[in-house]
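Structure file model22.txt (compact mmCIF, C-alpha atoms and all ligand atoms) follows.
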# COMPACT_ATOMS: atom_id res chain seq x y z
CA CYS A 215 42.32 37.94 105.91
CA ASP A 216 41.81 38.65 102.18
CA GLU A 217 39.73 35.50 101.90
CA ILE A 218 36.96 36.81 104.22
CA PRO A 219 34.06 37.91 101.96
CA ALA A 220 33.11 41.57 102.48
CA ASP A 221 29.45 40.59 102.93
CA HIS A 222 30.18 38.06 105.67
CA PRO A 223 27.94 39.05 108.61
CA ARG A 224 30.91 39.00 111.04
CA HIS A 225 33.39 40.48 108.54
CA ASP A 226 34.92 43.18 110.79
CA SER A 227 35.27 40.80 113.68
CA LEU A 228 37.04 38.16 111.60
CA VAL A 229 39.37 40.67 109.94
CA THR A 230 40.23 42.10 113.34
CA ARG A 231 41.08 38.68 114.80
CA HIS A 232 43.27 37.77 111.83
CA ARG A 233 45.19 41.03 112.00
CA ILE A 234 45.81 40.77 115.74
CA GLU A 235 47.01 37.16 115.39
CA ALA A 236 49.36 38.19 112.59
CA GLY A 237 50.52 41.13 114.74
CA VAL A 238 51.48 38.81 117.58
CA ASP A 239 53.30 36.48 115.15
CA ALA A 240 55.23 39.45 113.72
CA GLY A 241 56.30 40.70 117.17
CA ILE A 242 54.20 43.87 116.82
CA THR A 243 51.31 43.11 119.16
CA SER A 244 51.76 41.98 122.77
CA ARG A 245 50.05 38.85 124.04
CA GLN A 246 48.00 41.15 126.27
CA GLY A 247 46.80 42.67 123.02
CA LEU A 248 44.90 39.45 122.35
CA ILE A 249 43.02 39.90 125.61
CA ALA A 250 42.29 43.56 124.86
CA GLN A 251 40.96 42.48 121.46
CA GLY A 252 38.62 39.91 123.03
CA ARG A 253 37.25 42.55 125.35
CA GLY A 254 36.72 44.98 122.51
CA GLU A 255 35.01 42.36 120.40
CA ALA A 256 32.40 41.69 123.08
CA PHE A 257 31.48 45.38 123.16
CA ASP A 258 31.41 45.58 119.37
CA TYR A 259 28.96 42.67 119.31
CA LEU A 260 26.67 44.54 121.69
CA LEU A 261 26.92 47.72 119.64
CA GLY A 262 25.74 45.77 116.59
CA GLU A 263 29.18 45.89 114.92
CA GLU A 264 28.36 49.19 113.28
CA THR A 265 29.18 52.85 113.79
CA ILE A 266 26.35 54.35 115.80
CA PRO A 267 25.31 57.96 114.99
CA SER A 268 26.90 59.39 118.17
CA ALA A 269 30.23 57.73 117.24
CA ASP A 270 30.05 59.33 113.82
CA ARG A 271 29.52 62.75 115.44
CA ALA A 272 32.49 62.05 117.71
CA ALA A 273 34.63 61.14 114.68
CA ARG A 274 33.65 64.46 113.08
CA ALA A 275 34.52 66.40 116.26
CA ALA A 276 37.83 64.51 116.41
CA ALA A 277 38.60 65.44 112.81
CA ALA A 278 37.83 69.10 113.51
CA THR A 279 39.94 69.09 116.68
CA LEU A 280 42.90 67.51 114.90
CA LEU A 281 42.63 70.02 112.05
CA ALA A 282 42.51 72.96 114.47
CA ALA A 283 45.40 71.67 116.61
CA GLU A 284 48.83 73.33 116.75
CA HIS A 285 50.67 70.06 117.23
CA PRO A 286 48.51 66.93 116.96
CA VAL A 287 50.04 63.51 117.64
CA LEU A 288 48.55 60.09 116.86
CA SER A 289 49.71 57.49 119.35
CA VAL A 290 50.26 53.96 118.05
CA ASN A 291 50.44 50.81 120.18
CA GLY A 292 50.77 47.16 119.22
CA ASN A 293 47.06 46.63 118.55
CA VAL A 294 46.70 49.83 116.53
CA ALA A 295 49.74 48.98 114.39
CA ALA A 296 48.39 45.51 113.63
CA LEU A 297 44.83 46.65 112.90
CA VAL A 298 45.06 49.93 110.99
CA PRO A 299 48.63 50.82 109.95
CA GLU A 300 47.72 52.31 106.59
CA ALA A 301 44.66 54.15 107.89
CA MET A 302 46.75 55.76 110.67
CA VAL A 303 49.36 56.92 108.14
CA GLN A 304 46.61 58.41 105.95
CA LEU A 305 45.00 60.19 108.89
CA ALA A 306 48.37 61.61 109.98
CA GLU A 307 48.92 62.98 106.47
CA THR A 308 45.40 64.38 106.17
CA VAL A 309 45.50 66.35 109.45
CA ASP A 310 49.26 66.96 109.42
CA ALA A 311 49.91 65.06 112.66
CA ASP A 312 52.94 63.19 113.98
CA LEU A 313 52.80 59.42 114.47
CA GLU A 314 54.37 58.24 117.72
CA VAL A 315 54.79 54.65 118.89
CA ASN A 316 53.88 54.58 122.56
CA LEU A 317 53.67 51.21 124.27
CA PHE A 318 52.22 50.00 127.54
CA ASN A 319 54.48 46.93 127.44
CA ARG A 320 57.50 48.69 125.98
CA THR A 321 60.44 46.75 124.57
CA GLU A 322 63.02 48.03 122.08
CA LYS A 323 62.27 45.11 119.81
CA ARG A 324 58.56 45.89 119.56
CA MET A 325 59.27 49.63 119.18
CA ALA A 326 61.51 48.87 116.18
CA ALA A 327 59.09 46.33 114.68
CA ILE A 328 56.17 48.79 114.85
CA GLU A 329 58.24 51.64 113.46
CA SER A 330 59.27 49.64 110.39
CA HIS A 331 55.73 48.24 109.99
CA LEU A 332 54.38 51.83 109.82
CA GLU A 333 57.13 52.77 107.37
CA ASP A 334 56.19 49.78 105.20
CA HIS A 335 52.68 51.29 105.12
CA GLY A 336 53.90 54.69 103.96
CA ALA A 337 54.90 56.56 107.13
CA ARG A 338 57.70 59.05 106.50
CA GLU A 339 58.62 59.74 110.09
CA VAL A 340 57.75 57.76 113.18
CA LYS A 341 58.43 59.14 116.64
CA GLY A 342 58.73 57.33 119.96
CA ARG A 343 62.20 55.86 120.15
CA ASN A 344 63.98 58.98 121.46
CA ALA A 345 62.01 58.67 124.69
CA ASP A 346 63.57 61.87 126.01
CA ALA A 347 60.53 62.94 128.07
CA ARG A 348 58.16 61.39 130.59
CA ILE A 349 54.43 61.43 131.32
CA PRO A 350 54.30 62.49 134.98
CA GLY A 351 52.75 60.08 137.47
CA LEU A 352 53.50 56.81 135.64
CA SER A 353 56.18 54.20 136.26
CA HIS A 354 59.35 54.34 134.15
CA GLU A 355 58.74 52.27 131.00
CA ARG A 356 55.08 53.20 130.61
CA ALA A 357 55.88 56.90 130.94
CA LYS A 358 58.37 57.25 128.08
CA VAL A 359 57.47 59.68 125.28
CA ASP A 360 59.30 61.95 122.83
CA ALA A 361 59.92 65.56 123.93
CA ASP A 362 59.02 66.85 120.45
CA GLY A 363 56.12 64.36 120.10
CA ILE A 364 53.48 63.52 122.69
CA LYS A 365 55.14 65.71 125.35
CA ALA A 366 54.81 68.80 123.15
CA ALA A 367 51.41 67.93 121.66
CA ASP A 368 48.25 69.92 122.33
CA VAL A 369 45.94 67.23 120.90
CA VAL A 370 46.63 63.48 121.19
CA LEU A 371 44.70 60.61 119.62
CA VAL A 372 45.07 57.57 121.88
CA PRO A 373 43.27 54.53 120.55
CA LEU A 374 42.82 51.42 122.74
CA GLU A 375 44.66 53.00 125.63
CA ASP A 376 45.12 51.74 129.16
CA GLY A 377 43.09 53.84 131.65
CA ASP A 378 46.03 54.99 133.79
CA ARG A 379 47.89 56.43 130.87
CA ALA A 380 44.80 58.06 129.40
CA GLN A 381 44.20 59.75 132.75
CA ALA A 382 47.84 60.84 133.12
CA LEU A 383 47.81 62.37 129.62
CA SER A 384 44.63 64.28 130.29
CA GLU A 385 46.16 65.54 133.57
CA MET A 386 49.04 66.93 131.46
CA GLY A 387 46.46 69.21 129.87
CA LYS A 388 46.32 67.45 126.50
CA THR A 389 43.08 67.42 124.59
CA GLU A 390 42.59 63.70 124.38
CA ILE A 391 40.71 61.85 121.65
CA VAL A 392 40.11 58.22 122.60
CA ILE A 393 38.90 55.37 120.40
CA ASP A 394 37.55 52.57 122.59
CA LEU A 395 34.63 50.18 122.20
CA ASN A 396 33.88 50.26 125.92
CA PRO A 397 32.04 53.45 126.94
CA LEU A 398 32.63 52.59 130.60
CA SER A 399 36.43 52.33 130.31
CA ARG A 400 38.42 54.98 132.15
CA SER A 401 40.07 56.05 128.89
CA ALA A 402 36.71 56.81 127.30
CA GLN A 403 35.52 58.54 130.48
CA VAL A 404 38.47 60.95 130.71
CA ALA A 405 38.58 61.78 126.99
CA ALA A 406 37.55 65.19 125.68
CA ILE A 407 36.31 63.25 122.64
CA PRO A 408 35.45 59.57 123.20
CA ILE A 409 34.80 57.67 119.98
CA ILE A 410 32.96 54.49 120.95
CA ASP A 411 33.61 52.44 117.84
CA ASN A 412 35.88 49.77 116.41
CA ILE A 413 39.19 51.34 115.39
CA LEU A 414 38.83 49.58 112.04
CA ARG A 415 35.79 51.72 111.27
CA ALA A 416 36.71 54.84 113.27
CA VAL A 417 40.06 55.85 111.79
CA PRO A 418 39.01 55.95 108.10
CA ARG A 419 35.87 57.80 109.19
CA ILE A 420 37.90 60.51 110.98
CA THR A 421 39.98 60.91 107.81
CA ASP A 422 36.85 61.24 105.64
CA HIS A 423 35.43 63.89 107.97
CA ALA A 424 38.77 65.73 108.02
CA ARG A 425 38.80 65.90 104.20
CA ASP A 426 35.21 67.23 104.17
CA LEU A 427 35.86 69.75 106.91
CA ALA A 428 39.10 70.99 105.37
CA LYS A 429 37.11 71.78 102.20
CA ALA A 430 34.23 73.33 104.15
CA GLY A 431 36.54 75.80 105.94
CA PRO A 432 37.24 77.26 109.40
CA GLU A 433 33.62 77.98 110.38
CA ALA A 434 32.56 74.37 109.78
CA ILE A 435 35.59 73.16 111.72
CA GLU A 436 34.78 75.43 114.66
CA GLN A 437 31.14 74.31 114.63
CA ALA A 438 32.03 70.59 114.60
CA ARG A 439 34.30 71.16 117.62
CA THR A 440 31.83 73.14 119.70
CA ASP A 441 28.73 71.07 118.82
CA PHE A 442 30.14 67.93 120.41
CA ASP A 443 29.09 66.73 123.88
CA ALA A 444 31.25 63.93 125.36
CA ALA A 445 28.78 62.92 128.08
CA GLU A 446 26.00 62.59 125.52
CA ALA A 447 28.22 60.39 123.30
CA LEU A 448 29.02 58.07 126.22
CA ASP A 449 25.35 57.89 127.24
CA ALA A 450 24.24 57.10 123.68
CA ALA A 451 26.74 54.23 123.40
CA GLU A 452 25.74 52.82 126.76
CA ALA A 453 22.06 53.01 125.80
CA ARG A 454 22.80 51.19 122.54
CA ILE A 455 24.62 48.42 124.44
CA ARG A 456 21.71 48.07 126.87
CA ASP A 457 19.36 47.77 123.89
CA GLY A 458 21.71 45.17 122.39
CA LEU A 459 21.35 43.11 125.55
O1 LIG A 501 50.89 47.44 122.60
P1 LIG A 501 50.89 47.88 124.04
O2 LIG A 501 52.04 47.26 124.81
O3 LIG A 501 50.85 49.37 124.20
O4 LIG A 501 49.55 47.29 124.74
C1 LIG A 501 48.30 47.66 124.23
C2 LIG A 501 47.11 47.11 125.07
C3 LIG A 501 45.85 47.34 124.24
C4 LIG A 501 47.32 45.62 125.29
C5 LIG A 501 47.06 47.86 126.40
O5 LIG A 501 46.94 49.24 126.15
C6 LIG A 501 45.93 47.38 127.28
O6 LIG A 501 46.09 46.49 128.11
O7 LIG A 501 44.75 47.96 127.06
P2 LIG A 501 43.38 47.57 127.85
O8 LIG A 501 43.44 48.10 129.23
O9 LIG A 501 43.06 46.13 127.61
O10 LIG A 501 42.34 48.45 127.06
C7 LIG A 501 42.08 48.29 125.70
C8 LIG A 501 40.71 48.88 125.39
O11 LIG A 501 40.55 48.88 123.99
C9 LIG A 501 39.53 48.08 125.99
O12 LIG A 501 38.63 48.98 126.63
C10 LIG A 501 38.85 47.45 124.76
O13 LIG A 501 37.45 47.40 124.90
C11 LIG A 501 39.25 48.39 123.64
N1 LIG A 501 39.39 47.74 122.32
C12 LIG A 501 39.89 46.53 122.04
N2 LIG A 501 39.87 46.30 120.71
C13 LIG A 501 39.32 47.39 120.12
C14 LIG A 501 39.02 48.33 121.16
N3 LIG A 501 38.50 49.54 120.89
C15 LIG A 501 38.28 49.85 119.59
N4 LIG A 501 38.54 49.00 118.55
C16 LIG A 501 39.06 47.77 118.77
N5 LIG A 501 39.31 46.95 117.74

Please rewrite the model in this file as structure tokens.
Ligand code: PTJ
Amino acid sequence: CDEIPADHPRHDSLVTRHRIEAGVDAGITSRQGLIAQGRGEAFDYLLGEETIPSADRAARAAAATLLAAEHPVLSVNGNVAALVPEAMVQLAETVDADLEVNLFNRTEKRMAAIESHLEDHGAREVKGRNADARIPGLSHERAKVDADGIKAADVVLVPLEDGDRAQALSEMGKTEIVIDLNPLSRSAQVAAIPIIDNILRAVPRITDHARDLAKAGPEAIEQARTDFDAAEALDAAEARIRDGL
């Protein structure tokens, strides 16, 4: 996707498609990931393919929440690994979080491919393959997590997540940060912090906010956490989509 000019009006959309295609070819992304991508793209189109102000505020609240967490974990699936491997590694380093591969369509082959893909992009440790704990209320393969990863986390970032799993994680008492372009999806609806934005734009933005907030200190972090209103963020995204129509 290097050949797509940065000023192309559909730049993000074209980059995203290329990366997902390459992810499927490399055995990282599932074929269902292509469908998820198409769905996301439609919402991005309606949002104007830009980060709306409420999504920026959500990214700031997410950064503050990750910085204040005891044990934050960033969950990585096949779409996330294909789209933003380096940005996820940088975010994990900035907020001192674990990276854990957690798949809806779990196979050992894809787990291994994603783990080495993240390592190729600078990850030092990647969790997920121990699978020595379960998310209650989900069927076997979809429930597998690491006991010292997602199971033990207080804050979890789950981008592009299936609604069932997002709900089950929030029922476990995790503070859930969701990145999803669809404000009406169940994942976005159950999240403590829904970021309605393309993951391509959202993850680097969370990292930028985390760097700013870490410099600004504990009071700024606390304020960014408490100022955020999830319902307002969902309403603002829905209003923007209605305007887009
Ligand atoms: O790799 P696996 O096996 O864990 O599978 C991952 C997918 C994404 C296939 C699986 O979790 C799934 O089926 O998800 P859904 O139910 O299709 O939900 C994906 C959500 O992500 C949808 O609400 C899309 O609108 C949204 N989405 C898609 N692409 C993007 C996105 N949100 C942000 N940025 C995107 N680029």

Identify, on the basis of all atoms listed in the file, every residue whose closest approach to Asp360 (chain A) does not exceed 10 Å; exclude the query and any residue fewer than 6 positions from it along the same chain; express the result as a PyMOL selection string.
-> chain A and resi 314-316+341-349+366-367

Nearest to ligand LIG 501 (chain A) among A:Glu235, A:Asp362, A:Asp376, A:Glu300, with distances taken over only C-alpha atoms and all ligand atoms: which residue is it?
->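 Answer, going by the shortest atom-to-atom distance: A:Asp376.
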
Using all atoms listed in the file, which residues of chain A come within 8 Å of ligand LIG 501 (chain A), and what is the closest atom pair for each, with the distance in Å to one decimal? Give it as a Markdown table, sorted by chain and residue number.
| residue | atom | partner | partner_atom | distance |
| --- | --- | --- | --- | --- |
| A:Thr230 | CA | A:LIG501 | N5 | 6.6 |
| A:Ile242 | CA | A:LIG501 | O1 | 7.6 |
| A:Thr243 | CA | A:LIG501 | O1 | 5.5 |
| A:Ser244 | CA | A:LIG501 | O1 | 5.5 |
| A:Arg245 | CA | A:LIG501 | C4 | 7.4 |
| A:Gln246 | CA | A:LIG501 | C4 | 4.6 |
| A:Gly247 | CA | A:LIG501 | C4 | 3.8 |
| A:Leu248 | CA | A:LIG501 | C4 | 7.3 |
| A:Ile249 | CA | A:LIG501 | O9 | 6.5 |
| A:Ala250 | CA | A:LIG501 | O9 | 3.8 |
| A:Gln251 | CA | A:LIG501 | N2 | 4.0 |
| A:Gly252 | CA | A:LIG501 | C12 | 6.8 |
| A:Arg253 | CA | A:LIG501 | O13 | 4.9 |
| A:Gly254 | CA | A:LIG501 | O13 | 3.5 |
| A:Glu255 | CA | A:LIG501 | N2 | 6.3 |
| A:Ala256 | CA | A:LIG501 | O13 | 7.8 |
| A:Phe257 | CA | A:LIG501 | O13 | 6.5 |
| A:Asp258 | CA | A:LIG501 | N4 | 8.0 |
| A:Val290 | CA | A:LIG501 | O3 | 7.7 |
| A:Asn291 | CA | A:LIG501 | O1 | 4.2 |
| A:Gly292 | CA | A:LIG501 | O1 | 3.4 |
| A:Asn293 | CA | A:LIG501 | O1 | 5.6 |
| A:Val294 | CA | A:LIG501 | O1 | 7.8 |
| A:Leu297 | CA | A:LIG501 | N5 | 7.3 |
| A:Asn316 | CA | A:LIG501 | O3 | 6.2 |
| A:Leu317 | CA | A:LIG501 | O3 | 3.4 |
| A:Phe318 | CA | A:LIG501 | O3 | 3.7 |
| A:Asn319 | CA | A:LIG501 | O2 | 3.6 |
| A:Arg320 | CA | A:LIG501 | O2 | 5.8 |
| A:Pro373 | CA | A:LIG501 | C15 | 6.9 |
| A:Leu374 | CA | A:LIG501 | O11 | 3.6 |
| A:Glu375 | CA | A:LIG501 | O5 | 4.4 |
| A:Asp376 | CA | A:LIG501 | O8 | 4.0 |
| A:Gly377 | CA | A:LIG501 | O8 | 6.2 |
| A:Ile393 | CA | A:LIG501 | C15 | 5.6 |
| A:Asp394 | CA | A:LIG501 | N3 | 3.6 |
| A:Leu395 | CA | A:LIG501 | N3 | 4.1 |
| A:Asn396 | CA | A:LIG501 | O13 | 4.7 |
| A:Pro397 | CA | A:LIG501 | O12 | 8.0 |
| A:Ser399 | CA | A:LIG501 | O12 | 5.4 |
| A:Ser401 | CA | A:LIG501 | O12 | 7.6 |
| A:Ile410 | CA | A:LIG501 | C15 | 7.2 |
| A:Asp411 | CA | A:LIG501 | C15 | 5.6 |
| A:Asn412 | CA | A:LIG501 | N4 | 3.5 |
| A:Ile413 | CA | A:LIG501 | N4 | 4.0 |
| A:Leu414 | CA | A:LIG501 | N5 | 6.3 |

Which residue, A:Val238, A:Ala295, A:Ala428, A:Ile391, has the smallest gap to His331 (chain A) when you use only C-alpha atoms?
->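 With only C-alpha atoms as the atom set, the closest residue is A:Ala295.
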
Determine, counting all atoms listed in the file, which protein, DNA and RNA residues have an atom within 10 Å of an atom of Lys388 (chain A); residues of the same chain fewer than 6 positions away are not included. Present the result as a ChimeraX atom specification.
-> /A:286,364-371,380,382,405-406

Gap from CA of Ile218 (chain A) to CA of Ala273 (chain A) - Å, one decimal =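 Calculated distance between CA of Ile218 (chain A) and CA of Ala273 (chain A) is 26.6 Å.
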
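Atom pair CA of Ile420 (chain A) / CA of Arg324 (chain A): separated by 26.7 Å.
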
From the list A:Ser268, A:Glu390, A:Asp422, A:Glu263, which residue is nearest Leu288 (chain A) when using all atoms listed in the file?
->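 Among the listed residues, the smallest separation from Leu288 (chain A) belongs to A:Glu390.
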
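The coordinates place CA of Asp378 (chain A) at 21.4 Å from CA of Ala447 (chain A).
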